[in-house]
Structures are given as C-alpha cells and as structure tokens.
$ cat protein.txt   # compact mmCIF, N, CA and C atoms and all ligand atoms
# COMPACT_ATOMS: atom_id res chain seq x y z
N MET I 16 155.60 77.67 112.36
CA MET I 16 154.49 78.48 111.85
C MET I 16 153.14 77.92 112.30
N LEU I 17 153.11 77.24 113.44
CA LEU I 17 151.84 76.69 113.91
C LEU I 17 150.99 77.77 114.57
N VAL I 18 151.64 78.66 115.26
CA VAL I 18 150.88 79.71 115.97
C VAL I 18 150.69 80.89 115.04
N LYS I 19 149.46 81.29 114.94
CA LYS I 19 149.17 82.46 114.13
C LYS I 19 149.68 83.70 114.83
N ASN I 20 150.31 84.54 114.10
CA ASN I 20 150.72 85.81 114.68
C ASN I 20 149.51 86.71 114.88
N VAL I 21 149.62 87.49 115.90
CA VAL I 21 148.53 88.41 116.21
C VAL I 21 149.07 89.82 116.25
N VAL I 22 148.33 90.70 115.67
CA VAL I 22 148.70 92.12 115.75
C VAL I 22 147.57 92.86 116.45
N TYR I 23 147.87 94.04 116.86
CA TYR I 23 146.86 94.84 117.54
C TYR I 23 146.54 96.08 116.72
N CYS I 24 145.28 96.38 116.69
CA CYS I 24 144.85 97.56 115.94
C CYS I 24 145.50 98.81 116.50
N SER I 25 146.04 99.61 115.63
CA SER I 25 146.70 100.84 116.08
C SER I 25 145.68 101.87 116.53
N ASN I 26 144.45 101.66 116.17
CA ASN I 26 143.42 102.63 116.52
C ASN I 26 142.67 102.23 117.79
N CYS I 27 142.13 101.00 117.81
CA CYS I 27 141.27 100.63 118.93
C CYS I 27 141.90 99.55 119.80
N GLY I 28 143.03 99.01 119.39
CA GLY I 28 143.70 98.02 120.20
C GLY I 28 143.14 96.62 120.08
N GLU I 29 142.21 96.42 119.18
CA GLU I 29 141.61 95.11 118.98
C GLU I 29 142.66 94.11 118.50
N LYS I 30 142.59 92.89 119.03
CA LYS I 30 143.49 91.84 118.60
C LYS I 30 143.05 91.35 117.22
N ILE I 31 143.95 91.36 116.27
CA ILE I 31 143.59 90.99 114.90
C ILE I 31 144.57 89.94 114.41
N SER I 32 144.08 89.01 113.64
CA SER I 32 144.98 88.09 112.95
C SER I 32 145.89 88.89 112.02
N ASP I 33 147.13 88.49 111.95
CA ASP I 33 148.02 89.27 111.08
C ASP I 33 147.77 88.98 109.62
N GLU I 34 146.79 88.13 109.36
CA GLU I 34 146.39 87.93 107.97
C GLU I 34 145.35 88.95 107.52
N ALA I 35 144.79 89.63 108.52
CA ALA I 35 143.74 90.58 108.17
C ALA I 35 144.35 91.87 107.64
N ASN I 36 143.69 92.46 106.70
CA ASN I 36 144.14 93.74 106.16
C ASN I 36 143.53 94.91 106.92
N PHE I 37 142.41 94.61 107.57
CA PHE I 37 141.72 95.69 108.29
C PHE I 37 141.26 95.20 109.64
N CYS I 38 141.19 96.10 110.60
CA CYS I 38 140.64 95.77 111.90
C CYS I 38 139.16 95.42 111.74
N PRO I 39 138.75 94.26 112.24
CA PRO I 39 137.33 93.88 112.10
C PRO I 39 136.42 94.75 112.96
N LYS I 40 137.01 95.44 113.90
CA LYS I 40 136.19 96.21 114.83
C LYS I 40 135.97 97.64 114.34
N CYS I 41 137.06 98.29 113.96
CA CYS I 41 136.93 99.70 113.59
C CYS I 41 137.28 99.98 112.13
N GLY I 42 137.83 98.98 111.46
CA GLY I 42 138.09 99.15 110.04
C GLY I 42 139.41 99.82 109.72
N THR I 43 140.22 100.05 110.76
CA THR I 43 141.52 100.66 110.49
C THR I 43 142.43 99.66 109.77
N LYS I 44 143.19 100.16 108.85
CA LYS I 44 144.08 99.30 108.08
C LYS I 44 145.20 98.79 108.97
N THR I 45 145.46 97.49 108.91
CA THR I 45 146.55 96.91 109.69
C THR I 45 147.87 97.12 108.96
N PRO I 46 148.98 96.88 109.65
CA PRO I 46 150.28 96.98 108.95
C PRO I 46 150.31 96.12 107.71
N LYS I 47 149.69 94.93 107.80
CA LYS I 47 149.66 94.07 106.61
C LYS I 47 148.82 94.70 105.51
N GLY I 48 147.74 95.29 105.91
CA GLY I 48 146.89 95.96 104.94
C GLY I 48 147.65 97.08 104.25
N LYS I 49 148.42 97.82 105.06
CA LYS I 49 149.21 98.90 104.47
C LYS I 49 150.27 98.34 103.54
N ALA I 50 150.93 97.24 104.02
CA ALA I 50 151.99 96.64 103.21
C ALA I 50 151.43 96.10 101.91
N ALA I 51 150.24 95.50 102.01
CA ALA I 51 149.62 94.91 100.81
C ALA I 51 148.97 95.98 99.95
N ASN I 52 148.97 97.20 100.47
CA ASN I 52 148.37 98.31 99.74
C ASN I 52 146.91 97.99 99.39
N ALA I 53 146.21 97.48 100.39
CA ALA I 53 144.81 97.10 100.18
C ALA I 53 144.00 98.32 99.75
N ALA I 54 143.14 98.08 98.81
CA ALA I 54 142.41 99.19 98.20
C ALA I 54 141.23 99.61 99.05
N TYR I 55 141.53 100.36 100.07
CA TYR I 55 140.48 100.76 101.01
C TYR I 55 139.42 101.66 100.37
N PRO I 56 139.82 102.74 99.71
CA PRO I 56 138.80 103.63 99.13
C PRO I 56 137.95 102.91 98.09
N ALA I 57 138.57 102.06 97.29
CA ALA I 57 137.81 101.34 96.28
C ALA I 57 136.78 100.43 96.92
N ASP I 58 137.19 99.79 98.02
CA ASP I 58 136.25 98.94 98.73
C ASP I 58 135.07 99.74 99.25
N GLU I 59 135.42 100.88 99.81
CA GLU I 59 134.36 101.73 100.34
C GLU I 59 133.41 102.15 99.23
N LEU I 60 134.01 102.49 98.12
CA LEU I 60 133.22 102.94 96.99
C LEU I 60 132.31 101.80 96.51
N ARG I 61 132.91 100.61 96.47
CA ARG I 61 132.14 99.47 95.99
C ARG I 61 130.98 99.19 96.94
N ASP I 62 131.28 99.28 98.25
CA ASP I 62 130.22 99.09 99.23
C ASP I 62 129.12 100.12 99.06
N ALA I 63 129.56 101.36 98.85
CA ALA I 63 128.58 102.43 98.70
C ALA I 63 127.72 102.18 97.46
N LEU I 64 128.38 101.81 96.38
CA LEU I 64 127.64 101.54 95.14
C LEU I 64 126.70 100.36 95.34
N HIS I 65 127.20 99.37 96.06
CA HIS I 65 126.39 98.19 96.33
C HIS I 65 125.13 98.58 97.10
N THR I 66 125.35 99.41 98.12
CA THR I 66 124.21 99.86 98.93
C THR I 66 123.24 100.65 98.08
N VAL I 67 123.78 101.57 97.28
CA VAL I 67 122.92 102.37 96.41
C VAL I 67 122.15 101.46 95.47
N GLY I 68 122.86 100.45 94.94
CA GLY I 68 122.21 99.50 94.03
C GLY I 68 121.05 98.79 94.70
N ILE I 69 121.27 98.38 95.95
CA ILE I 69 120.21 97.67 96.67
C ILE I 69 119.03 98.59 96.90
N GLU I 70 119.34 99.82 97.33
CA GLU I 70 118.27 100.78 97.58
C GLU I 70 117.47 101.05 96.30
N LEU I 71 118.23 101.22 95.21
CA LEU I 71 117.61 101.50 93.93
C LEU I 71 116.70 100.34 93.51
N GLU I 72 117.24 99.14 93.70
CA GLU I 72 116.48 97.96 93.31
C GLU I 72 115.21 97.86 94.14
N LYS I 73 115.38 98.16 95.44
CA LYS I 73 114.22 98.11 96.33
C LYS I 73 113.17 99.10 95.87
N ALA I 74 113.65 100.33 95.57
CA ALA I 74 112.72 101.38 95.15
C ALA I 74 112.02 100.97 93.85
N LEU I 75 112.80 100.41 92.94
CA LEU I 75 112.22 100.01 91.65
C LEU I 75 111.21 98.89 91.85
N ASN I 76 111.58 97.94 92.70
CA ASN I 76 110.66 96.84 92.96
C ASN I 76 109.35 97.35 93.55
N MET I 77 109.51 98.31 94.49
CA MET I 77 108.33 98.84 95.14
C MET I 77 107.46 99.57 94.13
N ALA I 78 108.12 100.38 93.29
CA ALA I 78 107.37 101.12 92.28
C ALA I 78 106.67 100.16 91.32
N ALA I 79 107.42 99.12 90.94
CA ALA I 79 106.83 98.15 90.01
C ALA I 79 105.63 97.47 90.66
N ARG I 80 105.77 97.16 91.93
CA ARG I 80 104.67 96.48 92.62
C ARG I 80 103.47 97.40 92.72
N GLU I 81 103.74 98.69 93.02
CA GLU I 81 102.64 99.63 93.13
C GLU I 81 101.94 99.81 91.80
N THR I 82 102.76 99.93 90.74
CA THR I 82 102.19 100.07 89.41
C THR I 82 101.35 98.86 89.05
N GLN I 83 101.91 97.70 89.36
CA GLN I 83 101.20 96.46 89.07
C GLN I 83 99.87 96.41 89.83
N ALA I 84 99.94 96.81 91.11
CA ALA I 84 98.74 96.78 91.93
C ALA I 84 97.70 97.74 91.36
N ALA I 85 98.18 98.92 90.90
CA ALA I 85 97.26 99.89 90.34
C ALA I 85 96.62 99.34 89.07
N PHE I 86 97.44 98.74 88.22
CA PHE I 86 96.92 98.14 86.98
C PHE I 86 95.91 97.05 87.30
N GLN I 87 96.28 96.25 88.28
CA GLN I 87 95.41 95.14 88.69
C GLN I 87 94.05 95.68 89.11
N LYS I 88 94.09 96.78 89.89
CA LYS I 88 92.86 97.35 90.41
C LYS I 88 92.01 97.89 89.26
N VAL I 89 92.68 98.59 88.32
CA VAL I 89 91.96 99.13 87.18
C VAL I 89 91.34 97.99 86.38
N ARG I 90 92.14 96.94 86.19
CA ARG I 90 91.65 95.80 85.41
C ARG I 90 90.43 95.18 86.08
N GLU I 91 90.51 95.05 87.41
CA GLU I 91 89.39 94.45 88.13
C GLU I 91 88.17 95.35 88.07
N ASP I 92 88.42 96.68 88.14
CA ASP I 92 87.32 97.62 88.04
C ASP I 92 86.64 97.48 86.68
N LEU I 93 87.47 97.40 85.64
CA LEU I 93 86.93 97.29 84.28
C LEU I 93 86.16 95.99 84.13
N LYS I 94 86.69 94.96 84.77
CA LYS I 94 86.06 93.65 84.67
C LYS I 94 84.73 93.63 85.39
N GLN I 95 84.69 94.29 86.54
CA GLN I 95 83.53 94.13 87.40
C GLN I 95 82.40 95.10 87.08
N LYS I 96 82.75 96.33 86.72
CA LYS I 96 81.72 97.35 86.58
C LYS I 96 80.67 97.01 85.53
N PRO I 97 81.08 96.67 84.30
CA PRO I 97 80.08 96.37 83.29
C PRO I 97 79.24 95.18 83.68
N ALA I 98 79.87 94.16 84.24
CA ALA I 98 79.15 92.95 84.59
C ALA I 98 78.16 93.23 85.70
N LYS I 99 78.55 94.09 86.63
CA LYS I 99 77.68 94.30 87.77
C LYS I 99 76.60 95.33 87.49
N GLN I 100 76.95 96.32 86.65
CA GLN I 100 76.04 97.44 86.56
C GLN I 100 75.17 97.41 85.30
N GLN I 101 75.60 96.69 84.29
CA GLN I 101 74.84 96.78 83.05
C GLN I 101 74.29 95.44 82.57
N ILE I 102 74.95 94.39 82.94
CA ILE I 102 74.55 93.09 82.40
C ILE I 102 74.41 92.08 83.52
N ALA I 103 73.39 91.27 83.42
CA ALA I 103 73.24 90.15 84.34
C ALA I 103 73.24 88.89 83.50
N PHE I 104 74.12 87.97 83.85
CA PHE I 104 74.17 86.72 83.09
C PHE I 104 73.24 85.71 83.73
N CYS I 105 72.49 85.03 82.89
CA CYS I 105 71.62 83.98 83.40
C CYS I 105 72.47 82.81 83.89
N PRO I 106 72.25 82.36 85.10
CA PRO I 106 73.03 81.24 85.62
C PRO I 106 72.65 79.92 84.95
N LYS I 107 71.53 79.89 84.29
CA LYS I 107 71.08 78.63 83.67
C LYS I 107 71.56 78.51 82.23
N CYS I 108 71.29 79.53 81.41
CA CYS I 108 71.64 79.41 80.00
C CYS I 108 72.78 80.34 79.60
N GLY I 109 73.15 81.24 80.49
CA GLY I 109 74.28 82.12 80.21
C GLY I 109 73.93 83.32 79.36
N SER I 110 72.68 83.54 79.10
CA SER I 110 72.29 84.68 78.28
C SER I 110 72.53 85.99 79.01
N LYS I 111 72.82 87.02 78.21
CA LYS I 111 72.95 88.35 78.79
C LYS I 111 71.57 88.93 79.01
N ASN I 112 71.37 89.49 80.17
CA ASN I 112 70.11 90.16 80.47
C ASN I 112 70.43 91.54 81.00
N PRO I 113 69.51 92.47 80.87
CA PRO I 113 69.74 93.80 81.42
C PRO I 113 69.98 93.71 82.91
N TYR I 114 70.84 94.60 83.41
CA TYR I 114 71.11 94.58 84.83
C TYR I 114 69.82 94.84 85.60
N GLY I 115 69.59 94.07 86.62
CA GLY I 115 68.37 94.25 87.40
C GLY I 115 67.28 93.27 87.00
N ALA I 116 67.52 92.56 85.89
CA ALA I 116 66.52 91.59 85.46
C ALA I 116 66.41 90.48 86.50
N ILE I 117 65.21 90.09 86.77
CA ILE I 117 65.01 89.04 87.77
C ILE I 117 64.84 87.71 87.06
N PHE I 118 64.22 87.73 85.88
CA PHE I 118 64.06 86.50 85.12
C PHE I 118 64.78 86.63 83.79
N CYS I 119 65.34 85.52 83.33
CA CYS I 119 66.07 85.50 82.08
C CYS I 119 65.13 85.75 80.90
N CYS I 120 65.58 86.61 79.99
CA CYS I 120 64.75 86.90 78.83
C CYS I 120 64.79 85.76 77.82
N ASN I 121 65.73 84.85 78.00
CA ASN I 121 65.88 83.75 77.05
C ASN I 121 65.17 82.49 77.54
N CYS I 122 65.47 82.08 78.76
CA CYS I 122 64.92 80.82 79.22
C CYS I 122 63.90 80.99 80.34
N GLY I 123 63.75 82.19 80.84
CA GLY I 123 62.75 82.44 81.87
C GLY I 123 63.20 82.02 83.26
N GLY I 124 64.44 81.54 83.38
CA GLY I 124 64.95 81.15 84.70
C GLY I 124 65.19 82.35 85.58
N ARG I 125 65.17 82.12 86.87
CA ARG I 125 65.39 83.24 87.79
C ARG I 125 66.87 83.60 87.80
N ILE I 126 67.16 84.88 87.65
CA ILE I 126 68.54 85.36 87.67
C ILE I 126 68.90 85.87 89.05
N ALA I 127 68.09 86.80 89.55
CA ALA I 127 68.39 87.40 90.85
C ALA I 127 67.90 86.47 91.95
N PRO I 128 68.69 86.31 92.99
CA PRO I 128 68.23 85.55 94.15
C PRO I 128 67.00 86.20 94.73
N VAL I 129 66.17 85.43 95.39
CA VAL I 129 64.87 85.92 95.82
C VAL I 129 65.00 87.16 96.68
N GLY I 130 65.94 87.15 97.60
CA GLY I 130 66.03 88.26 98.55
C GLY I 130 66.62 89.53 97.98
N GLU I 131 67.28 89.45 96.83
CA GLU I 131 68.12 90.55 96.39
C GLU I 131 67.32 91.78 95.96
N SER I 132 66.12 91.59 95.46
CA SER I 132 65.35 92.73 94.96
C SER I 132 65.00 93.68 96.10
N HIS I 133 65.03 93.20 97.34
CA HIS I 133 64.73 94.08 98.47
C HIS I 133 65.93 94.97 98.81
N GLY I 134 67.12 94.36 98.75
CA GLY I 134 68.31 95.01 99.30
C GLY I 134 68.88 96.10 98.42
N GLY I 135 69.18 95.82 97.15
CA GLY I 135 69.95 96.74 96.33
C GLY I 135 69.17 97.93 95.88
N GLY I 136 69.22 99.01 96.61
CA GLY I 136 68.48 100.18 96.23
C GLY I 136 69.22 101.04 95.23
N ALA I 137 70.52 100.88 95.09
CA ALA I 137 71.34 101.69 94.21
C ALA I 137 71.07 101.31 92.78
ZN ZN K 1 140.46 98.71 115.41
ZN ZN K 2 68.46 81.87 80.78
$ encode --input "protein.txt" --output "structure tokens"
Amino acid sequence: MLVKNVVYCSNCGEKISDEANFCPKCGTKTPKGKAANAAYPADELRDALHTVGIELEKALNMAARETQAAFQKVREDLKQKPAKQQIAFCPKCGSKNPYGAIFCCNCGGRIAPVGESHGGGA
C-alpha cells in the first residue's frame, strides 16, 4: 500500500487521487465519491449559502459604514456650525464672544487674527 492508487476523472480525464471524492478540476464525482455517497448537492448548497452570507455581510458592513460616515458628517456639521457661525471663543480666557468679534468682551484680548477681517466676507 505504498503507492497511492490513481483514478481518472470520467468527465475530463484528470488524474485524481483515489482518496478524492470529486475531481479537483471539474468537480465530477469520482467512483469513490459515488461509493461514499458524498453529499454533493448539500455541499453546493452550503457553498451557495456561504457565498450569500459573505455578500450579505459585505453589504451590511458597507451600509453600516455609510451610515456611520453620514452620522459622523452630521455630528461634525453640528459641532462646527454653531462654533464657526455664532460664537467665537477667546483664545486667552475662553469666553464666548459673538461671531465676528475681533476683541474679547471679557478680557479685551484679540480673538480674530489680524488678517482675517479682510478675508471673510460671508
Ligand atoms: Zn474532471
Ligand atoms: Zn478673553
């Protein structure tokens, strides 16, 4: 029993180990596979389900990522808009000042950089 027996695929003629249940090349069931009554349809079904599962998971992951990205964007918008458009924080004392204020109403420190009053027309 040192030499492995070899069988040939009845469909494509591929040399197959006689331990194999299916031809590795075309998937045809070997005599051993037939004798062992290997569950070909069930395997196919399992593969199909596996593939569907992967696709589903991929789709769900993508949807989750998109949703997350959308939430993130909304959150950033919420975070940035009030701070940028309505309130200016003093860099020195941290006081809230009306947006557009150049000097802090609390400590008198400069809030807006010198050049900025020229640029932002909006
Ligand atoms: Zn074959
Ligand atoms: Zn201040």
$ closest_atom_pairs --input "protein.txt" --of "chain I" --to "ligand ZN 1 (chain K)" --cutoff "6.5 Å" --atoms "only N, CA and C atoms and all ligand atoms" --output "Markdown table"
| residue | atom | partner | partner_atom | distance |
| --- | --- | --- | --- | --- |
| I:Cys24 | CA | K:ZN1 | ZN | 4.6 |
| I:Ser25 | N | K:ZN1 | ZN | 5.7 |
| I:Asn26 | C | K:ZN1 | ZN | 4.8 |
| I:Cys27 | N | K:ZN1 | ZN | 3.7 |
| I:Gly28 | N | K:ZN1 | ZN | 4.7 |
| I:Glu29 | N | K:ZN1 | ZN | 4.7 |
| I:Cys38 | CA | K:ZN1 | ZN | 4.6 |
| I:Pro39 | N | K:ZN1 | ZN | 5.7 |
| I:Lys40 | C | K:ZN1 | ZN | 4.7 |
| I:Cys41 | N | K:ZN1 | ZN | 3.7 |
| I:Gly42 | N | K:ZN1 | ZN | 4.8 |
| I:Thr43 | N | K:ZN1 | ZN | 4.8 |
$ atom_distance --input "protein.txt" --atom1 "atom N of Ala35 in chain I" --atom2 "atom C of Leu64 in chain I"
24.8 Å
$ closest_atom_pairs --input "protein.txt" --of "chain I" --to "ligand ZN 2 (chain K)" --cutoff "7 Å" --atoms "all atoms listed in the file" --output "tab-separated table"
residue	atom	partner	partner_atom	distance
I:Phe104	C	K:ZN2	ZN	6.8
I:Cys105	CA	K:ZN2	ZN	4.6
I:Pro106	N	K:ZN2	ZN	5.8
I:Lys107	C	K:ZN2	ZN	4.8
I:Cys108	N	K:ZN2	ZN	3.7
I:Gly109	N	K:ZN2	ZN	4.7
I:Ser110	N	K:ZN2	ZN	4.8
I:Phe118	C	K:ZN2	ZN	6.7
I:Cys119	CA	K:ZN2	ZN	4.5
I:Cys120	N	K:ZN2	ZN	5.6
I:Asn121	C	K:ZN2	ZN	4.7
I:Cys122	N	K:ZN2	ZN	3.6
I:Gly123	N	K:ZN2	ZN	4.7
I:Gly124	N	K:ZN2	ZN	4.8
I:Arg125	N	K:ZN2	ZN	6.9
$ write_last_selection --input "protein.txt" --atoms "N, CA and C atoms" --output "PDB file, keeping the file's coordinate frame"
ATOM      1  N   PHE I 104      74.120  87.970  83.850  1.00  0.00           N
ATOM      2  CA  PHE I 104      74.170  86.720  83.090  1.00  0.00           C
ATOM      3  C   PHE I 104      73.240  85.710  83.730  1.00  0.00           C
ATOM      4  N   CYS I 105      72.490  85.030  82.890  1.00  0.00           N
ATOM      5  CA  CYS I 105      71.620  83.980  83.400  1.00  0.00           C
ATOM      6  C   CYS I 105      72.470  82.810  83.890  1.00  0.00           C
ATOM      7  N   PRO I 106      72.250  82.360  85.100  1.00  0.00           N
ATOM      8  CA  PRO I 106      73.030  81.240  85.620  1.00  0.00           C
ATOM      9  C   PRO I 106      72.650  79.920  84.950  1.00  0.00           C
ATOM     10  N   LYS I 107      71.530  79.890  84.290  1.00  0.00           N
ATOM     11  CA  LYS I 107      71.080  78.630  83.670  1.00  0.00           C
ATOM     12  C   LYS I 107      71.560  78.510  82.230  1.00  0.00           C
ATOM     13  N   CYS I 108      71.290  79.530  81.410  1.00  0.00           N
ATOM     14  CA  CYS I 108      71.640  79.410  80.000  1.00  0.00           C
ATOM     15  C   CYS I 108      72.780  80.340  79.600  1.00  0.00           C
ATOM     16  N   GLY I 109      73.150  81.240  80.490  1.00  0.00           N
ATOM     17  CA  GLY I 109      74.280  82.120  80.210  1.00  0.00           C
ATOM     18  C   GLY I 109      73.930  83.320  79.360  1.00  0.00           C
ATOM     19  N   SER I 110      72.680  83.540  79.100  1.00  0.00           N
ATOM     20  CA  SER I 110      72.290  84.680  78.280  1.00  0.00           C
ATOM     21  C   SER I 110      72.530  85.990  79.010  1.00  0.00           C
ATOM     22  N   PHE I 118      64.220  87.730  85.880  1.00  0.00           N
ATOM     23  CA  PHE I 118      64.060  86.500  85.120  1.00  0.00           C
ATOM     24  C   PHE I 118      64.780  86.630  83.790  1.00  0.00           C
ATOM     25  N   CYS I 119      65.340  85.520  83.330  1.00  0.00           N
ATOM     26  CA  CYS I 119      66.070  85.500  82.080  1.00  0.00           C
ATOM     27  C   CYS I 119      65.130  85.750  80.900  1.00  0.00           C
ATOM     28  N   CYS I 120      65.580  86.610  79.990  1.00  0.00           N
ATOM     29  CA  CYS I 120      64.750  86.900  78.830  1.00  0.00           C
ATOM     30  C   CYS I 120      64.790  85.760  77.820  1.00  0.00           C
ATOM     31  N   ASN I 121      65.730  84.850  78.000  1.00  0.00           N
ATOM     32  CA  ASN I 121      65.880  83.750  77.050  1.00  0.00           C
ATOM     33  C   ASN I 121      65.170  82.490  77.540  1.00  0.00           C
ATOM     34  N   CYS I 122      65.470  82.080  78.760  1.00  0.00           N
ATOM     35  CA  CYS I 122      64.920  80.820  79.220  1.00  0.00           C
ATOM     36  C   CYS I 122      63.900  80.990  80.340  1.00  0.00           C
ATOM     37  N   GLY I 123      63.750  82.190  80.840  1.00  0.00           N
ATOM     38  CA  GLY I 123      62.750  82.440  81.870  1.00  0.00           C
ATOM     39  C   GLY I 123      63.200  82.020  83.260  1.00  0.00           C
ATOM     40  N   GLY I 124      64.440  81.540  83.380  1.00  0.00           N
ATOM     41  CA  GLY I 124      64.950  81.150  84.700  1.00  0.00           C
ATOM     42  C   GLY I 124      65.190  82.350  85.580  1.00  0.00           C
ATOM     43  N   ARG I 125      65.170  82.120  86.870  1.00  0.00           N
ATOM     44  CA  ARG I 125      65.390  83.240  87.790  1.00  0.00           C
ATOM     45  C   ARG I 125      66.870  83.600  87.800  1.00  0.00           C
TER      46      ARG I 125
END
$ atom_distance --input "protein.txt" --atom1 "CA of Asn112 in chain I" --atom2 "CA of Pro128 in chain I"
14.6 Å
$ closest_residue --input "protein.txt" --among "I:Ile126, I:Val21, I:Ala63, I:Ile69" --to "Lys47 in chain I" --atoms "only C-alpha atoms"
I:Val21
$ atom_distance --input "protein.txt" --atom1 "atom C of Asp33 in chain I" --atom2 "atom N of Thr45 in chain I"
8.8 Å
